[in-house]
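Reproduced below: model-v5.cif, with mmCIF, C-alpha atoms.
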data_start
#
loop_
_atom_site.label_atom_id
_atom_site.label_comp_id
_atom_site.auth_asym_id
_atom_site.auth_seq_id
_atom_site.Cartn_x
_atom_site.Cartn_y
_atom_site.Cartn_z
CA ALA A 1 -10.31 -13.30 -1.65
CA GLN A 2 -6.79 -13.11 -2.97
CA SER A 3 -3.73 -13.25 -0.79
CA VAL A 4 -0.18 -12.15 -1.42
CA SER A 5 2.93 -13.91 -0.17
CA GLN A 6 6.37 -12.42 0.02
CA HIS A 7 8.83 -15.16 0.78
CA ASN A 8 11.59 -13.22 2.47
CA HIS A 9 11.06 -11.10 5.54
CA HIS A 10 14.54 -9.65 5.64
CA VAL A 11 17.22 -9.72 2.97
CA ILE A 12 20.74 -8.49 3.58
CA LEU A 13 23.01 -7.82 0.62
CA SER A 14 26.27 -6.10 -0.09
CA GLU A 15 26.41 -3.25 -2.56
CA ALA A 16 26.57 -4.38 -6.19
CA ALA A 17 24.92 -7.71 -5.40
CA SER A 18 21.93 -8.75 -7.45
CA LEU A 19 18.48 -8.73 -5.91
CA GLU A 20 15.42 -10.84 -6.42
CA LEU A 21 12.42 -10.56 -4.12
CA GLY A 22 9.70 -13.11 -4.50
CA CYS A 23 6.00 -12.40 -4.66
CA ASN A 24 3.22 -14.91 -5.23
CA TYR A 25 -0.50 -14.39 -5.15
CA SER A 26 -3.47 -16.68 -4.91
CA TYR A 27 -6.18 -15.25 -7.13
CA GLY A 28 -7.03 -16.82 -10.43
CA GLY A 29 -8.82 -13.93 -12.06
CA THR A 30 -7.53 -10.81 -13.72
CA VAL A 31 -5.16 -8.89 -11.51
CA ASN A 32 -3.10 -5.75 -11.53
CA LEU A 33 0.30 -6.10 -9.88
CA PHE A 34 2.46 -3.58 -8.10
CA TRP A 35 5.68 -3.18 -6.19
CA TYR A 36 5.90 -0.36 -3.70
CA VAL A 37 8.92 0.78 -1.72
CA GLN A 38 8.92 2.43 1.68
CA TYR A 39 12.13 4.17 2.65
CA PRO A 40 12.72 4.63 6.37
CA GLY A 41 10.31 7.19 7.75
CA GLN A 42 8.63 7.80 4.42
CA HIS A 43 5.41 6.90 2.67
CA LEU A 44 4.97 4.15 0.12
CA GLN A 45 6.12 4.98 -3.37
CA LEU A 46 5.31 3.08 -6.52
CA LEU A 47 8.28 1.27 -8.04
CA LEU A 48 6.48 -0.35 -10.94
CA LYS A 49 3.18 -1.82 -11.99
CA TYR A 50 1.82 -4.38 -14.39
CA PHE A 51 -1.61 -4.09 -15.97
CA SER A 52 -1.25 -5.81 -19.32
CA GLY A 53 1.15 -6.32 -22.21
CA ASP A 54 4.82 -7.18 -21.84
CA PRO A 55 5.15 -9.24 -18.67
CA LEU A 56 8.61 -7.81 -18.04
CA VAL A 57 8.03 -4.43 -16.47
CA LYS A 58 10.69 -1.83 -15.90
CA GLY A 59 10.31 0.63 -13.05
CA ILE A 60 12.21 3.44 -11.45
CA LYS A 61 15.72 3.25 -10.02
CA GLY A 62 16.73 0.26 -12.15
CA PHE A 63 14.12 -2.13 -10.78
CA GLU A 64 12.18 -4.54 -12.94
CA ALA A 65 9.64 -7.27 -12.33
CA GLU A 66 8.41 -10.19 -14.33
CA PHE A 67 4.83 -11.40 -14.30
CA ILE A 68 4.64 -15.15 -14.77
CA LYS A 69 0.95 -15.95 -14.96
CA SER A 70 1.36 -19.71 -14.78
CA LYS A 71 3.27 -19.37 -11.52
CA PHE A 72 1.11 -16.57 -10.08
CA SER A 73 4.33 -14.69 -9.46
CA PHE A 74 5.59 -11.16 -9.83
CA ASN A 75 9.19 -11.15 -8.63
CA LEU A 76 11.15 -7.94 -8.26
CA ARG A 77 14.73 -7.77 -9.52
CA LYS A 78 17.63 -5.39 -9.65
CA PRO A 79 21.00 -6.39 -11.12
CA SER A 80 23.13 -4.30 -8.76
CA VAL A 81 21.81 -2.85 -5.50
CA GLN A 82 23.02 0.30 -3.83
CA TRP A 83 23.11 1.30 -0.19
CA SER A 84 20.29 3.74 -0.94
CA ASP A 85 18.01 0.81 -1.84
CA THR A 86 17.75 -0.04 1.85
CA ALA A 87 14.01 0.03 2.44
CA GLU A 88 10.94 -2.13 2.83
CA TYR A 89 9.41 -3.51 -0.35
CA PHE A 90 5.77 -4.42 -0.71
CA CYS A 91 4.16 -6.45 -3.42
CA ALA A 92 0.49 -5.71 -4.03
CA VAL A 93 -2.21 -7.37 -6.05
CA ARG A 94 -5.47 -5.78 -7.05
CA ASN A 95 -8.48 -7.82 -8.06
CA TYR A 96 -9.57 -6.27 -11.34
CA ASN A 97 -13.20 -7.17 -10.77
CA ASN A 98 -13.82 -5.69 -7.34
CA ASN A 99 -10.86 -3.35 -6.92
CA ASP A 100 -9.84 -5.11 -3.70
CA MET A 101 -6.11 -4.52 -3.28
CA ARG A 102 -4.01 -6.69 -1.01
CA PHE A 103 -0.43 -6.17 0.06
CA GLY A 104 2.18 -8.71 0.99
CA ALA A 105 3.77 -8.58 4.43
CA GLY A 106 6.76 -6.75 3.02
CA THR A 107 10.43 -7.59 2.66
CA ARG A 108 12.99 -5.50 4.45
CA LEU A 109 16.10 -5.02 2.35
CA THR A 110 19.32 -3.97 4.03
CA VAL A 111 22.21 -3.12 1.72
CA LYS A 112 25.60 -2.99 3.38
CA PRO A 113 28.08 -0.48 1.97
CA ASP B 114 5.86 14.66 -1.87
CA SER B 115 3.01 12.53 -3.24
CA GLY B 116 0.41 15.29 -3.01
CA VAL B 117 -1.71 13.30 -0.57
CA THR B 118 -2.01 15.10 2.75
CA GLN B 119 -2.84 13.42 6.02
CA THR B 120 -3.45 14.94 9.42
CA PRO B 121 -2.56 14.54 12.17
CA LYS B 122 0.88 13.03 11.68
CA HIS B 123 0.99 11.67 15.20
CA LEU B 124 -1.76 11.02 17.70
CA ILE B 125 -1.71 9.49 21.15
CA THR B 126 -4.98 8.62 22.79
CA ALA B 127 -6.40 6.36 25.48
CA THR B 128 -8.31 3.13 25.09
CA GLY B 129 -12.02 3.58 24.60
CA GLN B 130 -11.60 6.94 22.91
CA ARG B 131 -12.55 8.00 19.41
CA VAL B 132 -10.32 9.73 16.86
CA THR B 133 -10.73 11.09 13.37
CA LEU B 134 -8.00 10.93 10.76
CA ARG B 135 -8.19 13.28 7.83
CA CYS B 136 -6.98 12.90 4.27
CA SER B 137 -6.85 15.30 1.35
CA PRO B 138 -6.26 13.51 -1.94
CA ARG B 139 -4.11 14.78 -4.76
CA SER B 140 -5.73 17.48 -6.79
CA GLY B 141 -8.05 15.87 -9.34
CA ASP B 142 -8.07 12.45 -7.72
CA LEU B 143 -11.54 11.02 -7.12
CA SER B 144 -10.62 7.84 -5.29
CA VAL B 145 -9.45 7.72 -1.71
CA TYR B 146 -8.18 4.58 -0.02
CA TRP B 147 -7.42 3.87 3.61
CA TYR B 148 -4.82 1.34 4.76
CA GLN B 149 -3.63 0.22 8.15
CA GLN B 150 -0.02 -0.78 8.66
CA SER B 151 0.78 -2.58 11.89
CA LEU B 152 3.71 -4.72 12.95
CA ASP B 153 1.74 -7.92 13.23
CA GLN B 154 -0.76 -7.52 10.40
CA GLY B 155 1.34 -5.77 7.80
CA LEU B 156 -0.31 -3.41 5.35
CA GLN B 157 -4.03 -3.96 5.16
CA PHE B 158 -6.61 -2.39 2.90
CA LEU B 159 -9.49 -0.92 4.86
CA ILE B 160 -11.82 0.89 2.48
CA GLN B 161 -12.06 2.86 -0.76
CA TYR B 162 -14.28 5.75 -1.73
CA TYR B 163 -14.80 7.05 -5.22
CA ASN B 164 -16.40 10.44 -5.74
CA GLY B 165 -18.20 10.26 -2.43
CA GLU B 166 -19.42 6.70 -2.69
CA GLU B 167 -18.03 3.64 -0.96
CA ARG B 168 -16.41 1.52 -3.64
CA ALA B 169 -14.59 -1.35 -2.01
CA LYS B 170 -14.28 -2.68 1.49
CA GLY B 171 -11.43 -4.64 2.98
CA ASN B 172 -10.63 -5.68 6.53
CA ILE B 173 -12.28 -2.73 8.23
CA LEU B 174 -13.62 -3.28 11.72
CA GLU B 175 -17.16 -2.28 12.62
CA ARG B 176 -15.72 0.19 15.12
CA PHE B 177 -14.16 2.03 12.19
CA SER B 178 -15.99 4.08 9.62
CA ALA B 179 -15.05 6.42 6.85
CA GLN B 180 -16.60 8.90 4.51
CA GLN B 181 -15.65 11.05 1.57
CA PHE B 182 -17.02 14.57 1.44
CA PRO B 183 -18.15 16.61 -1.59
CA ASP B 184 -14.78 18.34 -1.71
CA LEU B 185 -13.28 14.81 -1.97
CA HIS B 186 -11.40 14.87 1.31
CA SER B 187 -11.96 11.83 3.46
CA GLU B 188 -12.09 11.05 7.15
CA LEU B 189 -11.48 7.77 8.91
CA ASN B 190 -13.22 7.52 12.25
CA LEU B 191 -11.88 5.05 14.78
CA SER B 192 -13.97 4.48 17.89
CA SER B 193 -13.79 2.43 21.08
CA LEU B 194 -10.08 2.29 20.53
CA GLU B 195 -8.09 -0.69 21.69
CA LEU B 196 -4.36 -1.13 22.19
CA GLY B 197 -4.24 -3.24 19.05
CA ASP B 198 -5.45 -0.33 16.95
CA SER B 199 -2.07 1.32 17.35
CA ALA B 200 -0.74 1.50 13.83
CA LEU B 201 0.22 3.71 10.95
CA TYR B 202 -2.83 4.64 8.92
CA PHE B 203 -2.20 5.51 5.31
CA CYS B 204 -4.45 7.34 2.97
CA ALA B 205 -3.93 7.00 -0.76
CA SER B 206 -5.60 8.46 -3.80
CA SER B 207 -5.92 7.85 -7.51
CA VAL B 208 -7.61 9.62 -10.38
CA GLY B 209 -9.99 6.81 -11.22
CA LEU B 210 -11.21 3.64 -9.69
CA GLY B 211 -7.81 2.05 -9.63
CA VAL B 212 -8.40 -0.81 -12.02
CA ASP B 213 -8.24 1.63 -14.90
CA GLY B 214 -4.49 1.81 -14.75
CA ASN B 215 -4.06 4.90 -12.64
CA THR B 216 -1.32 4.93 -10.06
CA ILE B 217 -2.29 5.01 -6.42
CA TYR B 218 -0.32 7.62 -4.46
CA PHE B 219 0.17 7.30 -0.74
CA GLY B 220 0.27 9.95 1.93
CA GLU B 221 2.85 9.94 4.70
CA GLY B 222 0.50 8.33 7.17
CA SER B 223 -0.93 9.12 10.56
CA TRP B 224 0.71 7.40 13.50
CA LEU B 225 -1.87 6.38 16.05
CA THR B 226 -0.74 5.20 19.46
CA VAL B 227 -3.39 3.91 21.84
CA VAL B 228 -2.29 3.76 25.48
#
Before anything else, please render the file you have as structure tokens.
Amino acid sequence: AQSVSQHNHHVILSEAASLELGCNYSYGGTVNLFWYVQYPGQHLQLLLKYFSGDPLVKGIKGFEAEFIKSKFSFNLRKPSVQWSDTAEYFCAVRNYNNNDMRFGAGTRLTVKP
Amino acid sequence: DSGVTQTPKHLITATGQRVTLRCSPRSGDLSVYWYQQSLDQGLQFLIQYYNGEERAKGNILERFSAQQFPDLHSELNLSSLELGDSALYFCASSVGLGVDGNTIYFGEGSWLTVV
């Protein structure tokens, strides 16, 4: 079964700083990749997803992620964070063959004004 | 609002008891997923139903069971509850099976506290 690793548990940034959250997975087959965000007290919302095609995926709110197949990675980036980006971010990987979807442990992002 | 509705929002119950969590998927969605989010285990996939049939199974305990009804709503039954079952239980839905490219939308979750 695949597993998903998010390297940072808690990231603290100042507004306007650049963000990169790491995500690696351990399944060698075909996968679909996702980043979800969970704002305080809210449900998970999809930021972006990768199924096929251009490995650089653009999502909502200025986020993007790059799928690097050789590195089994799908890192999330944003050039300039805002205070409103304070949330928990989850990377998820779905096994295309059996639809099993696994989430990373999450990375809490705190953006200081 | 994702369109996925979960009830109850909060539930406190004693160890050994049984509870049922309910989920109504978005209109038109055939797949329903259940996830458990706890502090120590993170977000874990429990089970998926598609059009009434079990489709995929994750880390779901034998004490837990789920079903999807003809009207596509789903229930997650948790029995012989233990303190460690305290968690936020999310339901999610998608139009298709998931691997077909459809987005999975999450509900707001049901907070279960076992005392």
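Straight-line separation from CA of Asn215 in chain B to CA of Cys23 in chain A: 21.5 Å.
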Open item on the list: So that I can see what lies close to Lys49 in chain A, please list as a VMD selection string the residues with an atom at most 9 Å from it, counting all atoms listed in the file and leaving out residues fewer than 6 positions away in the same chain.
Closed with: (chain A and resid 32 to 36 57 to 59 65) or (chain B and resid 214 216)
Tell me, as a PDB file with C-alpha atoms, in the frame of the given file, which residues lie within 9 Å of Ser140 in chain B, counting only C-alpha atoms; anything in the same chain fewer than 3 positions away does not count.
ATOM      1  CA  GLY B 116       0.410  15.290  -3.010  1.00  0.00           C
ATOM      2  CA  VAL B 117      -1.710  13.300  -0.570  1.00  0.00           C
ATOM      3  CA  SER B 137      -6.850  15.300   1.350  1.00  0.00           C
ATOM      4  CA  LEU B 143     -11.540  11.020  -7.120  1.00  0.00           C
ATOM      5  CA  VAL B 208      -7.610   9.620 -10.380  1.00  0.00           C
TER       6      VAL B 208
END
Open item on the list: Once the PyMOL selection byres ((chain A) within 9 of (chain B)) is applied to the coordinates I shared, what remains selected? I want it as a VMD selection string.
Closed with: chain A and resid 31 to 32 41 to 46 49 to 51 90 94 to 106
- [ ] Quick one: everything within 7 Å of Arg135 in chain B, counting only C-alpha atoms, minus sequence neighbours fewer than 5 positions away in the same chain. Send it as a ChimeraX atom specification.
- [x] /B:119-120,187-189
Open item on the list: Need to verify the contact set: Gln6 in chain A, 12 Å, all atoms listed in the file, exclusion of same-chain residues closer than 3 positions in sequence. Can you return it as a PyMOL selection string?
Closed with: (chain A and resi 3+9-11+20-26+35+73-76+88-93+102-108) or (chain B and resi 155)
- [ ] Choose the residue, out of A:Leu13, A:Val4, A:Val111, A:Leu19, that has the smallest atom-to-atom separation from Arg77 in chain A; count only C-alpha atoms.
- [x]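 Counting only C-alpha atoms, the residue closest to Arg77 in chain A is A:Leu19.
Distance-wise, CA of Glu167 in chain B and CA of Gln181 in chain B end up 8.2 Å apart.
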